[in-house]
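Enquirer: Take a look at the following structure, please.
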Amino acid sequence: MLDFIYYPVSFILWCWHKVFGFVLGDTNAVSWILAIMFLTFTVRGIMFKPFVNQVRSMKKMQEFTPELKKIQKKYANDRQRQAMEMQKLQREHGVNPLGSCLPMLLQIPVFIGLNWVLRAFTMNPHPGTPKTNNYFFDQQGVESYVNAKLFGVNMGDAIHHAAVLGGTGGGWNWHVAPVAVPLMILASVLTHLTARHSAARQNPAQATQQTAMMQKLTMYVFPLGVLVFGAFFPIGLLVYWLSNNSWTLMQQRLVYTKIDKEEAAAKAAAAEKRSALAPKPGAKPKPGQKPVQPSKAATQDAAEDTEKSEGAETAKPSNGKRSSKAGSPHQFAQQPPRPQGAGAQRKKPAAGSKNSGQKGSGQKRR
């Protein structure tokens, strides 16, 4: 029924077992452990991009959490309107609510597929006859898994083979506990550390009731569930769980550090741009820079000042002679005043001379 999950998982496991089995031996338990670990890393590598999108989506949701709280408070008695307004706000900010759940949802089929493939190594539909295949594994591959033992425990053994999880045989296998319990504890601790590291980035002031509840579930309930239900998982599946949590913790640290650096660089660039655009006191405009347009009131004041200065220039001087008016076609540069005295008086032209009938050069023509 779920062969579309089992075959891809079996194929990836088969490829990595061939690689490590060639070096360490097909029946070596370490080659199977490494094959399961690198199966995990392969799947998580494929989901790396969705994980980064998940982190960015969660970051955006934190930015408009106060607006979400306002909507929840405003439409507290109308759940339908509240959901519509929240979806509208998420669309405006370009946030997909399923983006934060996608990586976790993609891991569920892998977990189910690996659980079934590992258990299928020891499940024989025809008792009394050797099992010939297990999806991509032939009879030799099945025998190598069955004969591989880690500290005397088979990779497909569990403390209890629960039928609800696909186990057969039932009963408690306490001889598996010395190998399974340390793996269960490590997987539980890593689950808690991963959730704690993710919760440390949340702003408590922006946390809603739902996010606070989810943080408690991931930090305490999920690790406890791994510790309890790990007794029903085979050794190979516990190795997968341990590898998956180790990858998640390392990936979170790397991605969060990278995003923090990007945000710091963006803030520094924005601050530098603002400081570069701001005019400095006494600084001249750069070549090609568009001059600042003066306001209308400033233009009027400048015009009034110009009229006053022109009126002052055309005013009559103290010696009784009028100066040229601004805009006259015969306007010349004004001469400096001559000293008053007998020797400094201006000589009048003789009567009948050519220039006797002409007006002064500085006077305006009528």
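Labeling convention for the structure tokens: chains A, B, ... as they appear, residues from 1 per chain, ligands from 1 in order of appearance.
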Could you please write out, as a ChimeraX atom specification, every residue of region 98-287 of chain A that DSSP assigns to helix (DSSP H, G or I)?
Expert: /A:98-100,102-120,139-147,163-165,174-199,204-206,209-232,235-277
Enquirer: Any chance you could tabulate, as a Markdown table, the residues of region 188-286 of chain A at most 8 Å from region 24-48 of chain A with each one's nearest atom pair and distance in Å to one decimal, using only C-alpha atoms, in chain and rising number order?
Expert:
| residue | atom | partner | partner_atom | distance |
| --- | --- | --- | --- | --- |
| A:Gly236 | CA | A:Ile33 | CA | 7.0 |
| A:Val239 | CA | A:Ile33 | CA | 6.9 |
| A:Tyr240 | CA | A:Met37 | CA | 6.1 |
| A:Ser243 | CA | A:Met37 | CA | 5.7 |
| A:Asn244 | CA | A:Thr40 | CA | 6.1 |
| A:Trp247 | CA | A:Phe41 | CA | 7.2 |
Enquirer: Please provide as a PyMOL selection string all residues within 12 Å of region 114-131 of chain A, with the sequence filter that same-chain residues fewer than 6 positions apart are discarded (counting only C-alpha atoms).
Expert: chain A and resi 1-3+5-14+32-33+35-37+39-40+43+107-108+137-148+154-158+161-169+232-241
Enquirer: With a distance cut-off of 8 Å and only C-alpha atoms, select the neighbouring residues of region 223-226 of chain A, excluding the residue or stretch itself and same-chain residues fewer than 4 positions from it, and output the selection as a list in words.
Expert: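 So, after excluding close chain neighbours, the residues are Met184, Ala187, Ser188, Val189, Thr191, His192, Thr218, Met219 and Gly230 of chain A.
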